[in-house]
file final.tsv (TSV, C-alpha atoms and all ligand atoms)
chain	number	residue	atom	x	y	z
A	1	MET	CA	-20.79	25.59	12.44
A	2	ILE	CA	-22.33	22.21	11.55
A	3	GLU	CA	-24.08	20.68	14.53
A	4	GLY	CA	-25.15	17.10	15.18
A	5	PRO	CA	-24.07	13.83	13.61
A	6	PRO	CA	-23.14	13.48	9.93
A	7	ARG	CA	-26.08	13.09	7.53
A	8	PRO	CA	-27.20	9.46	7.07
A	9	TYR	CA	-25.44	7.81	4.16
A	10	ALA	CA	-28.81	6.76	2.70
A	11	ASP	CA	-29.30	10.44	1.79
A	12	PHE	CA	-26.56	9.99	-0.79
A	13	ILE	CA	-27.42	6.69	-2.44
A	14	PRO	CA	-28.91	6.79	-5.93
A	15	GLU	CA	-32.68	6.72	-6.39
A	16	PHE	CA	-32.64	3.23	-7.91
A	17	LEU	CA	-31.14	1.81	-4.68
A	18	LYS	CA	-33.45	3.56	-2.24
A	19	GLY	CA	-35.66	1.09	-0.38
A	20	THR	CA	-33.31	-1.84	-1.02
A	21	VAL	CA	-31.30	-1.65	2.18
A	22	GLY	CA	-31.17	-5.08	3.83
A	23	THR	CA	-32.56	-6.95	0.80
A	24	TRP	CA	-29.33	-8.01	-0.91
A	25	VAL	CA	-28.90	-11.76	-0.56
A	26	SER	CA	-26.37	-12.97	-3.09
A	27	HIS	CA	-23.68	-11.85	-5.45
A	28	ARG	CA	-21.50	-13.37	-8.13
A	29	ILE	CA	-18.39	-12.15	-9.91
A	30	LEU	CA	-19.20	-11.84	-13.61
A	31	GLU	CA	-15.69	-10.87	-14.65
A	32	PRO	CA	-12.72	-9.17	-12.95
A	33	GLY	CA	-14.06	-5.89	-11.57
A	34	ILE	CA	-17.77	-6.53	-12.16
A	35	VAL	CA	-20.07	-8.10	-9.56
A	36	GLU	CA	-23.79	-8.79	-9.86
A	37	HIS	CA	-25.88	-8.40	-6.69
A	38	THR	CA	-29.34	-9.92	-6.34
A	39	SER	CA	-32.03	-8.71	-3.95
A	40	THR	CA	-34.86	-10.70	-2.33
A	41	THR	CA	-37.16	-8.78	-4.69
A	42	GLY	CA	-35.34	-10.22	-7.71
A	43	LYS	CA	-33.80	-6.84	-8.50
A	44	ARG	CA	-30.24	-6.94	-9.80
A	45	VAL	CA	-27.56	-4.27	-9.70
A	46	TYR	CA	-23.92	-4.29	-10.75
A	47	SER	CA	-20.80	-3.03	-8.94
A	48	LEU	CA	-17.85	-2.01	-11.02
A	49	ARG	CA	-14.37	-1.46	-9.65
A	50	ALA	CA	-11.60	0.49	-11.37
A	51	ALA	CA	-8.03	1.07	-10.22
A	52	ALA	CA	-7.53	4.63	-9.06
A	53	THR	CA	-4.27	6.55	-9.04
A	54	PRO	CA	-1.76	5.58	-6.35
A	55	ASN	CA	-2.53	7.72	-3.33
A	56	ALA	CA	-5.91	8.72	-4.93
A	57	ARG	CA	-4.69	12.14	-6.08
A	58	TYR	CA	-6.56	13.70	-9.05
A	59	SER	CA	-6.73	16.87	-11.01
A	60	THR	CA	-10.08	18.64	-10.82
A	61	ASP	CA	-10.46	17.93	-14.56
A	62	THR	CA	-10.24	14.20	-13.92
A	63	ILE	CA	-12.65	14.43	-10.99
A	64	ARG	CA	-15.10	16.20	-13.34
A	65	LYS	CA	-14.78	13.42	-15.93
A	66	ILE	CA	-15.32	10.75	-13.27
A	67	SER	CA	-18.37	12.66	-12.00
A	68	GLN	CA	-19.79	12.83	-15.52
A	69	LEU	CA	-19.45	9.06	-15.87
A	70	ALA	CA	-21.13	8.53	-12.49
A	71	ARG	CA	-23.98	10.80	-13.61
A	72	LYS	CA	-24.32	9.01	-16.94
A	73	TYR	CA	-24.21	5.41	-15.69
A	74	ALA	CA	-24.40	5.12	-11.91
A	75	GLY	CA	-27.23	7.25	-10.54
A	76	ALA	CA	-24.84	10.19	-10.04
A	77	THR	CA	-22.89	8.50	-7.22
A	78	MET	CA	-19.61	6.68	-6.84
A	79	ARG	CA	-17.07	6.13	-4.08
A	80	PHE	CA	-13.34	5.89	-3.57
A	81	THR	CA	-12.56	2.81	-1.49
A	82	GLN	CA	-10.09	2.50	1.35
A	83	ALA	CA	-7.91	0.46	-1.02
A	84	LEU	CA	-7.84	3.43	-3.42
A	85	ASN	CA	-10.11	1.98	-6.06
A	86	MET	CA	-13.17	3.60	-7.61
A	87	GLU	CA	-16.52	1.86	-7.29
A	88	PHE	CA	-19.74	2.55	-9.19
A	89	ILE	CA	-23.13	0.81	-9.00
A	90	THR	CA	-25.27	0.57	-12.12
A	91	SER	CA	-28.77	-0.77	-12.62
A	92	GLU	CA	-28.14	-2.51	-15.98
A	93	LEU	CA	-25.32	-4.79	-17.10
A	94	ASP	CA	-24.93	-3.12	-20.50
A	95	GLN	CA	-24.44	0.23	-18.70
A	96	THR	CA	-21.66	-1.44	-16.68
A	97	GLU	CA	-19.91	-2.60	-19.84
A	98	ASP	CA	-20.19	0.89	-21.38
A	99	LEU	CA	-18.87	2.46	-18.18
A	100	LYS	CA	-15.96	0.01	-18.23
A	101	LYS	CA	-15.05	1.06	-21.79
A	102	GLU	CA	-15.17	4.75	-20.91
A	103	LEU	CA	-13.09	4.33	-17.76
A	104	GLU	CA	-10.47	2.34	-19.65
A	105	LEU	CA	-10.30	5.07	-22.29
A	106	LEU	CA	-9.53	7.50	-19.46
A	107	GLY	CA	-6.70	5.19	-18.34
A	108	PHE	CA	-8.37	3.52	-15.36
A	109	PRO	CA	-8.32	-0.30	-15.72
A	110	VAL	CA	-11.35	-2.20	-14.45
A	111	GLY	CA	-10.58	-5.31	-12.39
A	112	GLY	CA	-9.99	-6.83	-8.98
A	113	TRP	CA	-12.09	-9.15	-6.80
A	114	GLY	CA	-11.84	-12.96	-6.82
A	115	ASN	CA	-8.46	-14.55	-7.49
A	116	HIS	CA	-6.89	-11.39	-8.79
A	117	LEU	CA	-4.86	-8.41	-7.71
A	118	TRP	CA	-7.30	-6.31	-5.70
A	119	SER	CA	-5.33	-3.16	-5.08
A	120	VAL	CA	-1.97	-1.42	-5.06
A	121	THR	CA	-2.15	1.24	-2.36
A	122	SER	CA	0.34	3.75	-1.06
A	123	CYS	CA	0.70	6.37	1.63
A	124	ALA	CA	1.07	10.04	0.73
A	125	GLY	CA	4.86	9.86	0.80
A	126	TYR	CA	6.74	13.09	0.11
A	127	PHE	CA	3.55	14.98	-0.74
A	128	HIS	CA	2.52	15.31	2.86
A	129	CYS	CA	4.99	13.55	5.08
A	130	ALA	CA	8.43	14.44	6.35
A	131	LEU	CA	9.24	10.83	7.26
A	132	SER	CA	9.19	9.38	3.78
A	133	ALA	CA	12.29	7.50	2.65
A	134	THR	CA	10.90	6.87	-0.83
A	135	ASP	CA	8.35	8.32	-3.22
A	136	SER	CA	5.73	5.75	-2.31
A	137	PRO	CA	3.02	6.75	-4.87
A	138	SER	CA	5.61	6.43	-7.68
A	139	VAL	CA	6.69	3.01	-6.45
A	140	ALA	CA	3.01	1.97	-6.27
A	141	GLN	CA	2.43	3.25	-9.81
A	142	LYS	CA	5.32	1.19	-11.17
A	143	LEU	CA	4.13	-1.92	-9.33
A	144	GLY	CA	0.56	-1.35	-10.59
A	145	ASN	CA	1.78	-1.00	-14.17
A	146	GLU	CA	3.80	-4.20	-13.93
A	147	LEU	CA	1.05	-6.23	-12.24
A	148	VAL	CA	-1.98	-4.88	-14.13
A	149	GLU	CA	-2.53	-8.16	-16.02
A	150	TYR	CA	-3.35	-9.79	-12.65
A	151	PHE	CA	-5.88	-7.02	-11.96
A	152	ASN	CA	-7.96	-7.46	-15.05
A	153	TRP	CA	-7.44	-10.82	-16.74
A	154	GLN	CA	-4.76	-13.24	-15.49
A	155	GLU	CA	-5.88	-15.40	-12.59
A	156	LEU	CA	-3.81	-15.87	-9.45
A	157	PRO	CA	-4.10	-18.62	-6.81
A	158	ALA	CA	-6.06	-16.25	-4.53
A	159	LYS	CA	-6.60	-12.61	-3.65
A	160	LEU	CA	-3.51	-10.40	-3.77
A	161	THR	CA	-3.06	-6.99	-2.16
A	162	VAL	CA	0.07	-4.86	-2.56
A	163	SER	CA	0.86	-1.79	-0.51
A	164	VAL	CA	3.69	0.75	-0.37
A	165	SER	CA	4.68	2.82	2.66
A	166	GLY	CA	7.15	5.64	2.50
A	167	CYS	CA	8.69	4.59	5.80
A	168	PRO	CA	8.53	1.69	8.26
A	169	SER	CA	5.93	3.52	10.39
A	170	SER	CA	3.51	2.08	7.84
A	171	CYS	CA	0.73	4.43	8.89
A	172	GLY	CA	-1.27	3.29	5.85
A	173	GLY	CA	-1.19	-0.29	7.13
A	174	SER	CA	1.12	-1.69	4.45
A	175	PHE	CA	2.17	-4.61	6.66
A	176	LEU	CA	-1.41	-5.90	6.36
A	177	ALA	CA	-1.00	-6.44	2.62
A	178	ASP	CA	0.05	-9.74	1.03
A	179	ILE	CA	3.13	-7.92	-0.28
A	180	SER	CA	4.37	-4.63	1.10
A	181	VAL	CA	7.23	-2.39	0.06
A	182	ASN	CA	8.39	-0.05	2.80
A	183	GLY	CA	10.81	2.83	2.55
A	184	ILE	CA	13.61	2.63	5.12
A	185	HIS	CA	16.27	5.00	6.41
A	186	THR	CA	19.56	3.29	7.16
A	187	GLU	CA	21.50	6.09	8.80
A	188	VAL	CA	21.30	7.76	12.18
A	189	PRO	CA	20.22	11.42	11.75
A	190	VAL	CA	22.55	14.22	12.83
A	191	VAL	CA	21.83	17.24	14.98
A	192	THR	CA	22.75	20.56	13.28
A	193	PRO	CA	23.10	24.04	14.85
A	194	ASP	CA	19.56	24.82	13.58
A	195	VAL	CA	18.21	22.51	16.25
A	196	LYS	CA	18.09	25.50	18.58
A	197	LYS	CA	15.11	26.83	16.56
A	198	CYS	CA	13.08	23.79	17.66
A	199	ASP	CA	11.27	22.86	20.83
A	200	LEU	CA	14.09	20.68	22.22
A	201	GLN	CA	12.11	18.81	24.82
A	202	GLY	CA	9.19	18.21	22.42
A	203	THR	CA	11.61	16.91	19.79
A	204	ALA	CA	13.27	14.56	22.29
A	205	PHE	CA	9.85	13.22	23.21
A	206	THR	CA	9.08	12.29	19.59
A	207	CYS	CA	11.69	9.52	19.72
A	208	PRO	CA	9.91	6.18	20.25
A	209	VAL	CA	13.00	4.51	21.73
A	210	GLY	CA	14.33	7.30	23.94
A	211	ALA	CA	17.45	7.77	21.80
A	212	ILE	CA	17.44	11.60	22.06
A	213	GLN	CA	18.65	13.38	25.14
A	214	LEU	CA	19.05	17.00	26.13
A	215	LYS	CA	22.66	18.06	26.51
A	216	PRO	CA	24.28	21.29	27.75
A	217	THR	CA	26.58	23.19	25.34
A	218	PRO	CA	29.87	24.83	26.42
A	219	GLU	CA	28.10	28.20	25.98
A	220	GLY	CA	25.63	27.26	28.70
A	221	GLU	CA	22.77	26.61	26.30
A	222	ARG	CA	21.02	23.32	25.58
A	223	THR	CA	21.10	21.09	22.53
A	224	LEU	CA	20.12	17.55	21.63
A	225	GLU	CA	22.23	14.44	21.30
A	226	ILE	CA	21.25	11.23	19.52
A	227	ARG	CA	22.47	8.00	21.04
A	228	GLN	CA	23.63	6.05	18.03
A	229	ASN	CA	23.30	2.67	19.68
A	230	LEU	CA	19.59	3.17	20.34
A	231	CYS	CA	18.41	4.90	17.16
A	232	ILE	CA	16.22	2.80	14.85
A	233	GLY	CA	16.29	5.33	12.00
A	234	CYS	CA	12.55	5.93	12.05
A	235	GLY	CA	12.92	9.60	11.08
A	236	LEU	CA	10.32	10.92	13.54
A	237	CYS	CA	12.77	13.49	14.96
A	238	VAL	CA	13.63	14.65	11.41
A	239	GLY	CA	9.94	15.26	10.83
A	240	ALA	CA	9.60	17.09	14.12
A	241	CYS	CA	12.59	19.45	13.85
A	242	GLY	CA	14.24	20.96	10.76
A	243	GLY	CA	17.52	21.08	12.71
A	244	ILE	CA	17.86	17.29	12.63
A	245	ILE	CA	18.67	15.80	9.24
A	246	PHE	CA	19.66	12.66	7.43
A	247	GLU	CA	22.98	13.56	5.82
A	248	SER	CA	22.91	11.39	2.70
A	249	PRO	CA	19.42	9.94	2.20
A	250	GLU	CA	20.04	9.63	-1.55
A	251	LYS	CA	22.71	7.01	-0.72
A	252	THR	CA	21.25	5.35	2.34
A	253	ASP	CA	17.46	5.31	1.93
A	254	GLY	CA	16.01	2.17	0.42
A	255	HIS	CA	13.17	-0.33	0.42
A	256	SER	CA	12.40	-3.43	2.42
A	257	ILE	CA	9.83	-6.01	1.30
A	258	ALA	CA	7.49	-7.89	3.61
A	259	ILE	CA	5.05	-10.65	2.67
A	260	GLY	CA	2.20	-12.62	4.19
A	261	GLY	CA	0.14	-9.84	5.79
A	262	ARG	CA	-3.61	-9.68	5.66
A	263	ALA	CA	-6.24	-7.48	7.21
A	264	SER	CA	-9.15	-9.90	7.19
A	265	ALA	CA	-10.12	-11.69	10.40
A	266	SER	CA	-11.04	-14.92	8.58
A	267	ARG	CA	-9.19	-18.22	8.98
A	268	TYR	CA	-6.02	-17.36	10.98
A	269	GLY	CA	-7.10	-13.82	11.75
A	270	THR	CA	-5.30	-10.59	10.98
A	271	MET	CA	-1.60	-11.05	10.26
A	272	LEU	CA	1.34	-8.71	9.83
A	273	GLY	CA	3.78	-9.36	6.99
A	274	ARG	CA	7.32	-10.58	7.71
A	275	ILE	CA	10.33	-8.93	6.12
A	276	VAL	CA	11.91	-11.19	3.50
A	277	ILE	CA	14.11	-8.61	1.78
A	278	PRO	CA	15.60	-6.18	4.30
A	279	PHE	CA	17.21	-3.75	1.88
A	280	LEU	CA	17.00	-2.81	-1.77
A	281	PRO	CA	18.26	0.51	-3.09
A	282	ASN	CA	15.80	3.30	-3.80
A	283	GLU	CA	16.09	3.57	-7.59
A	284	PRO	CA	13.70	6.15	-9.10
A	285	PRO	CA	12.14	6.41	-11.58
A	286	HIS	CA	11.79	2.70	-12.43
A	287	TYR	CA	12.71	0.97	-9.14
A	288	ASP	CA	13.86	-2.02	-11.19
A	289	ARG	CA	15.20	-4.17	-8.36
A	290	THR	CA	12.15	-3.61	-6.16
A	291	VAL	CA	9.67	-4.23	-8.98
A	292	GLY	CA	11.69	-7.29	-10.08
A	293	ALA	CA	11.65	-8.71	-6.54
A	294	VAL	CA	7.88	-8.24	-6.18
A	295	LYS	CA	7.30	-9.88	-9.56
A	296	ARG	CA	9.51	-12.79	-8.56
A	297	ILE	CA	7.46	-13.30	-5.39
A	298	VAL	CA	4.19	-13.18	-7.36
A	299	ASP	CA	5.49	-15.52	-10.09
A	300	THR	CA	6.80	-18.09	-7.59
A	301	TRP	CA	3.56	-17.98	-5.57
A	302	LYS	CA	1.49	-18.31	-8.75
A	303	GLU	CA	3.56	-21.29	-9.88
A	304	ASP	CA	3.67	-23.08	-6.54
A	305	ALA	CA	0.51	-22.28	-4.55
A	306	LYS	CA	-2.67	-24.34	-4.48
A	307	LYS	CA	-5.89	-22.68	-5.56
A	308	GLY	CA	-7.25	-20.51	-2.74
A	309	GLU	CA	-3.91	-20.12	-0.94
A	310	ARG	CA	-3.05	-16.52	-0.25
A	311	ILE	CA	0.65	-15.83	0.21
A	312	ALA	CA	0.44	-16.38	4.00
A	313	ASP	CA	-1.31	-19.75	3.47
A	314	TRP	CA	1.27	-20.82	0.91
A	315	ILE	CA	4.18	-19.98	3.24
A	316	ASP	CA	2.37	-21.74	6.06
A	317	ARG	CA	2.26	-24.92	3.96
A	318	ILE	CA	5.74	-24.90	2.44
A	319	GLY	CA	7.69	-23.15	5.26
A	320	TRP	CA	10.07	-20.19	5.07
A	321	GLU	CA	13.06	-22.33	4.11
A	322	LYS	CA	11.33	-23.46	0.94
A	323	PHE	CA	10.17	-19.90	0.23
A	324	PHE	CA	13.78	-18.71	0.10
A	325	GLU	CA	14.84	-21.78	-1.83
A	326	ARG	CA	12.11	-21.38	-4.47
A	327	THR	CA	12.41	-17.63	-4.89
A	328	GLY	CA	16.22	-17.69	-4.78
A	329	PHE	CA	16.36	-14.69	-2.43
A	330	PRO	CA	19.29	-14.77	-0.03
A	331	PHE	CA	18.24	-15.61	3.49
A	332	PHE	CA	19.63	-13.34	6.19
A	333	GLU	CA	19.06	-14.68	9.65
A	334	GLN	CA	18.30	-11.19	10.91
A	335	SER	CA	15.91	-10.36	8.12
A	336	MET	CA	12.94	-12.20	9.61
A	337	GLU	CA	13.31	-10.43	12.93
A	338	TYR	CA	13.65	-6.91	14.19
A	339	LEU	CA	16.48	-5.08	12.44
A	340	ASP	CA	18.03	-1.97	13.94
A	341	VAL	CA	19.62	0.73	11.83
A	342	ARG	CA	23.09	-0.83	12.11
A	343	GLY	CA	21.78	-4.25	11.05
A	344	ILE	CA	20.11	-2.78	7.98
A	345	ALA	CA	23.18	-0.68	7.18
A	346	THR	CA	25.33	-3.84	7.23
A	347	LEU	CA	22.98	-5.54	4.78
A	348	ARG	CA	22.83	-2.38	2.67
A	349	ASP	CA	26.62	-2.24	2.41
A	350	GLY	CA	26.68	-5.87	1.32
A	351	SER	CA	23.99	-5.29	-1.29
A	352	GLY	CA	26.36	-4.03	-3.95
A	353	ARG	CA	25.22	-0.46	-3.59
A	401	LIG	S1	3.97	5.47	6.07
A	401	LIG	FE1	5.61	6.83	6.74
A	401	LIG	S2	6.06	8.12	4.94
A	401	LIG	FE2	4.05	7.21	4.61
A	401	LIG	S3	2.63	8.77	5.36
A	401	LIG	FE3	2.99	7.26	7.03
A	401	LIG	S4	4.61	8.15	8.25
A	401	LIG	FE4	4.61	9.22	6.26
A	402	LIG	S1	15.44	8.59	13.89
A	402	LIG	FE1	13.81	7.81	15.25
A	402	LIG	S2	14.90	6.46	16.65
A	402	LIG	FE2	16.46	7.72	15.69
A	402	LIG	S3	16.70	9.43	17.08
A	402	LIG	FE3	15.20	10.07	15.56
A	402	LIG	S4	13.24	9.59	16.48
A	402	LIG	FE4	14.78	8.46	17.63

call {"tool": "encode", "arguments": {"input": "final.tsv", "output": "structure tokens"}}
result
Amino acid sequence: MIEGPPRPYADFIPEFLKGTVGTWVSHRILEPGIVEHTSTTGKRVYSLRAAATPNARYSTDTIRKISQLARKYAGATMRFTQALNMEFITSELDQTEDLKKELELLGFPVGGWGNHLWSVTSCAGYFHCALSATDSPSVAQKLGNELVEYFNWQELPAKLTVSVSGCPSSCGGSFLADISVNGIHTEVPVVTPDVKKCDLQGTAFTCPVGAIQLKPTPEGERTLEIRQNLCIGCGLCVGACGGIIFESPEKTDGHSIAIGGRASASRYGTMLGRIVIPFLPNEPPHYDRTVGAVKRIVDTWKEDAKKGERIADWIDRIGWEKFFERTGFPFFEQSMEYLDVRGIATLRDGSGR
């Protein structure tokens, strides 16, 4: 058993950075994905950022290659950031440029920071989670592929973050991104006879809105009943008990898109995104309508925003009415507010699906 606190992080920083803690006074972005830091001693080091895979999942072979690059150029250290990027620190600029070339040959674009796309993140989706209504890492991959020019060369009005959640629980914090795509369920789950294999009371307690109640059966046993008028389609009960299922998720699961979130506490403080597109069909493997909608938002913002305006600032200046007018998205009165499963289902059925 390991006792005591974790080892200090300074144990793991490369030799060339030891003794520099607290001396870094300025930095400047040299190009997308490369930042120069200057210390009070005059020492300079360089951070390099590369886009990782959506959901930061790697084969051991790839991890070995990344480790070799870290050993060759970055004092044998690197880190994976919370936004699922890779970051390396080198002591010489020409090493940074060589590292960039090698990472790009491996298929990891170098970019981000400044007025660019910073990250496309996703939750684990189907890999680890029973709640997922869409394959969030695949959606993130498609969005990353389509937006990569904004990561490494094309400038945007300001920072842009994109995040994908497999369901509206958004446990990865997607609503804090400038643009978020969130999987949604639009049907009320059904209780099957297999429910009796589950802990009934525990399952009922998983429901955040109290929509599940215990009910006696004619045989004198107990089962569960879902009150349709209360259910918000979150899927928590489906995750908790294999005897509760969505009957036709391939037809009813979809995506919603929210914009204007941000995690930083600067200016207006932390903000959650608002839903501007309540339902788009889940269309693997290319997710054309979802990718098209995100691109339309980015293109309109790029065209219309003043320099320095993140999406929330832009909307704040022009107003929601103009946002819908300029993007051409249909405005649904309900879409900006809380939508229950019936509200979303109504929009879904009118979406041409
Ligand atoms: S956002 Fe939803 S689908 Fe994704 S990991 Fe969290 S609970 Fe699961
Ligand atoms: S899907 Fe969510 S809201 Fe509906 S019954 Fe299950 S836990 Fe409750």

call {"tool": "residues_around", "arguments": {"input": "final.tsv", "residues": "Ile13 of chain A", "least_positions_apart": "3", "cutoff": "10 Å", "atoms": "only C-alpha atoms", "output": "list in words"}}
result
Pro8, Tyr9, Ala10, Phe16, Leu17, Lys18, Gly75, Ala76, Thr77, Met78 and Ile89 of chain A

call {"tool": "residues_near_point", "arguments": {"input": "final.tsv", "point": "(-24.2, -8.9, -19.6)", "cutoff": "12 Å", "atoms": "all atoms listed in the file", "output": "list in words"}}
result
Ile29, Leu30, Glu31, Ile34, Val35, Glu36, Arg44, Val45, Tyr46, Ser91, Glu92, Leu93, Asp94, Gln95, Thr96, Glu97 and Asp98 of chain A

call {"tool": "closest_atom_pairs", "arguments": {"input": "final.tsv", "of": "chain A", "to": "ligand LIG 401 (chain A)", "cutoff": "9 Å", "atoms": "only C-alpha atoms and all ligand atoms", "output": "Markdown table"}}
result
| residue | atom | partner | partner_atom | distance |
| --- | --- | --- | --- | --- |
| A:Ser122 | CA | A:LIG401 | FE2 | 7.6 |
| A:Cys123 | CA | A:LIG401 | FE2 | 4.6 |
| A:Ala124 | CA | A:LIG401 | S3 | 5.0 |
| A:Gly125 | CA | A:LIG401 | S2 | 4.6 |
| A:Tyr126 | CA | A:LIG401 | S2 | 7.0 |
| A:Phe127 | CA | A:LIG401 | S3 | 8.8 |
| A:His128 | CA | A:LIG401 | S3 | 7.0 |
| A:Cys129 | CA | A:LIG401 | FE4 | 4.5 |
| A:Ala130 | CA | A:LIG401 | FE4 | 6.5 |
| A:Leu131 | CA | A:LIG401 | S2 | 4.8 |
| A:Ser132 | CA | A:LIG401 | S2 | 3.6 |
| A:Ala133 | CA | A:LIG401 | S2 | 6.7 |
| A:Thr134 | CA | A:LIG401 | S2 | 7.6 |
| A:Asp135 | CA | A:LIG401 | S2 | 8.5 |
| A:Ser136 | CA | A:LIG401 | FE2 | 7.3 |
| A:Val164 | CA | A:LIG401 | S1 | 8.0 |
| A:Ser165 | CA | A:LIG401 | S1 | 4.4 |
| A:Gly166 | CA | A:LIG401 | S2 | 3.6 |
| A:Cys167 | CA | A:LIG401 | FE1 | 3.9 |
| A:Pro168 | CA | A:LIG401 | FE1 | 6.1 |
| A:Ser169 | CA | A:LIG401 | FE1 | 4.9 |
| A:Ser170 | CA | A:LIG401 | S1 | 3.9 |
| A:Cys171 | CA | A:LIG401 | FE3 | 4.1 |
| A:Gly172 | CA | A:LIG401 | S1 | 5.7 |
| A:Gly173 | CA | A:LIG401 | S1 | 7.8 |
| A:Ser174 | CA | A:LIG401 | S1 | 7.9 |
| A:Asn182 | CA | A:LIG401 | S1 | 7.8 |
| A:Gly183 | CA | A:LIG401 | S2 | 7.5 |
| A:Cys234 | CA | A:LIG401 | FE1 | 8.8 |
| A:Gly235 | CA | A:LIG401 | S4 | 8.9 |
| A:Leu236 | CA | A:LIG401 | S4 | 8.3 |

call {"tool": "atom_distance", "arguments": {"input": "final.tsv", "atom1": "atom CA of Gly112 of chain A", "atom2": "atom CA of Val139 of chain A"}}
result
19.5 Å

call {"tool": "closest_residue", "arguments": {"input": "final.tsv", "among": "A:Lys43, A:His286, A:Arg227, A:Lys302", "to": "ligand LIG 402 (chain A)", "atoms": "only C-alpha atoms and all ligand atoms"}}
result
A:Arg227

call {"tool": "residues_near_ligand", "arguments": {"input": "final.tsv", "ligand": "ligand LIG 402 (chain A)", "cutoff": "8 Å", "atoms": "only C-alpha atoms and all ligand atoms", "output": "ChimeraX atom specification"}}
result
/A:188-189,204,206-212,226-228,230-238

call {"tool": "residues_around", "arguments": {"input": "final.tsv", "residues": "segment 65-68 of chain A", "least_positions_apart": "4", "cutoff": "10 Å", "atoms": "only C-alpha atoms", "output": "VMD selection string"}}
result
chain A and resid 60 to 61 72 to 74 76 to 78 86 102 to 103 106

call {"tool": "closest_residue", "arguments": {"input": "final.tsv", "among": "A:Arg274, A:Ser138, A:Lys295, A:Glu283", "to": "Ile315 of chain A", "atoms": "only C-alpha atoms"}}
result
A:Arg274

call {"tool": "closest_residue", "arguments": {"input": "final.tsv", "among": "A:Asp178, A:Glu321, A:Glu187, A:Glu149", "to": "Ser163 of chain A", "atoms": "all atoms listed in the file"}}
result
A:Asp178

call {"tool": "closest_residue", "arguments": {"input": "final.tsv", "among": "A:Ile318, A:Val298, A:Leu280, A:Leu200", "to": "His116 of chain A", "atoms": "only C-alpha atoms"}}
result
A:Val298

call {"tool": "atom_distance", "arguments": {"input": "final.tsv", "atom1": "atom CA of Phe323 of chain A", "atom2": "atom CA of His185 of chain A"}}
result
26.4 Å

call {"tool": "closest_residue", "arguments": {"input": "final.tsv", "among": "A:Cys198, A:Val190, A:Cys241, A:Ile184", "to": "Ile257 of chain A", "atoms": "all atoms listed in the file"}}
result
A:Ile184

call {"tool": "decode", "arguments": {"input": "final.tsv", "residues": "segment 4-13 of chain A", "atoms": "N, CA, C and O atoms", "output": "mmCIF file, in the first residue's frame"}}
result
data_model
loop_
_atom_site.group_PDB
_atom_site.id
_atom_site.type_symbol
_atom_site.label_atom_id
_atom_site.label_comp_id
_atom_site.auth_asym_id
_atom_site.auth_seq_id
_atom_site.Cartn_x
_atom_site.Cartn_y
_atom_site.Cartn_z
ATOM 1 N N GLY A 4 0.872 8.166 2.424
ATOM 2 C CA GLY A 4 1.274 9.565 2.331
ATOM 3 C C GLY A 4 0.792 10.215 1.059
ATOM 4 O O GLY A 4 0.150 9.573 0.222
ATOM 5 N N PRO A 5 1.083 11.505 0.910
ATOM 6 C CA PRO A 5 0.596 12.255 -0.250
ATOM 7 C C PRO A 5 1.304 11.824 -1.525
ATOM 8 O O PRO A 5 2.355 11.166 -1.461
ATOM 9 N N PRO A 6 0.765 12.193 -2.707
ATOM 10 C CA PRO A 6 1.466 11.863 -3.947
ATOM 11 C C PRO A 6 2.830 12.542 -3.973
ATOM 12 O O PRO A 6 3.032 13.569 -3.320
ATOM 13 N N ARG A 7 3.746 11.993 -4.777
ATOM 14 C CA ARG A 7 5.093 12.607 -4.858
ATOM 15 C C ARG A 7 4.987 13.994 -5.486
ATOM 16 O O ARG A 7 4.147 14.230 -6.350
ATOM 17 N N PRO A 8 5.832 14.935 -5.041
ATOM 18 C CA PRO A 8 5.756 16.300 -5.600
ATOM 19 C C PRO A 8 5.995 16.269 -7.106
ATOM 20 O O PRO A 8 6.831 15.503 -7.589
ATOM 21 N N TYR A 9 5.251 17.120 -7.819
ATOM 22 C CA TYR A 9 5.355 17.072 -9.281
ATOM 23 C C TYR A 9 6.756 17.439 -9.745
ATOM 24 O O TYR A 9 7.214 17.005 -10.809
ATOM 25 N N ALA A 10 7.467 18.263 -8.929
ATOM 26 C CA ALA A 10 8.826 18.675 -9.329
ATOM 27 C C ALA A 10 9.760 17.480 -9.495
ATOM 28 O O ALA A 10 10.769 17.565 -10.199
ATOM 29 N N ASP A 11 9.408 16.336 -8.868
ATOM 30 C CA ASP A 11 10.215 15.125 -9.073
ATOM 31 C C ASP A 11 10.199 14.680 -10.529
ATOM 32 O O ASP A 11 11.055 13.916 -10.960
ATOM 33 N N PHE A 12 9.174 15.106 -11.262
ATOM 34 C CA PHE A 12 8.972 14.565 -12.607
ATOM 35 C C PHE A 12 9.296 15.564 -13.709
ATOM 36 O O PHE A 12 9.102 15.261 -14.876
ATOM 37 N N ILE A 13 9.731 16.770 -13.353
ATOM 38 C CA ILE A 13 10.018 17.715 -14.436
ATOM 39 C C ILE A 13 11.435 17.465 -14.955
ATOM 40 O O ILE A 13 12.291 16.971 -14.227
#
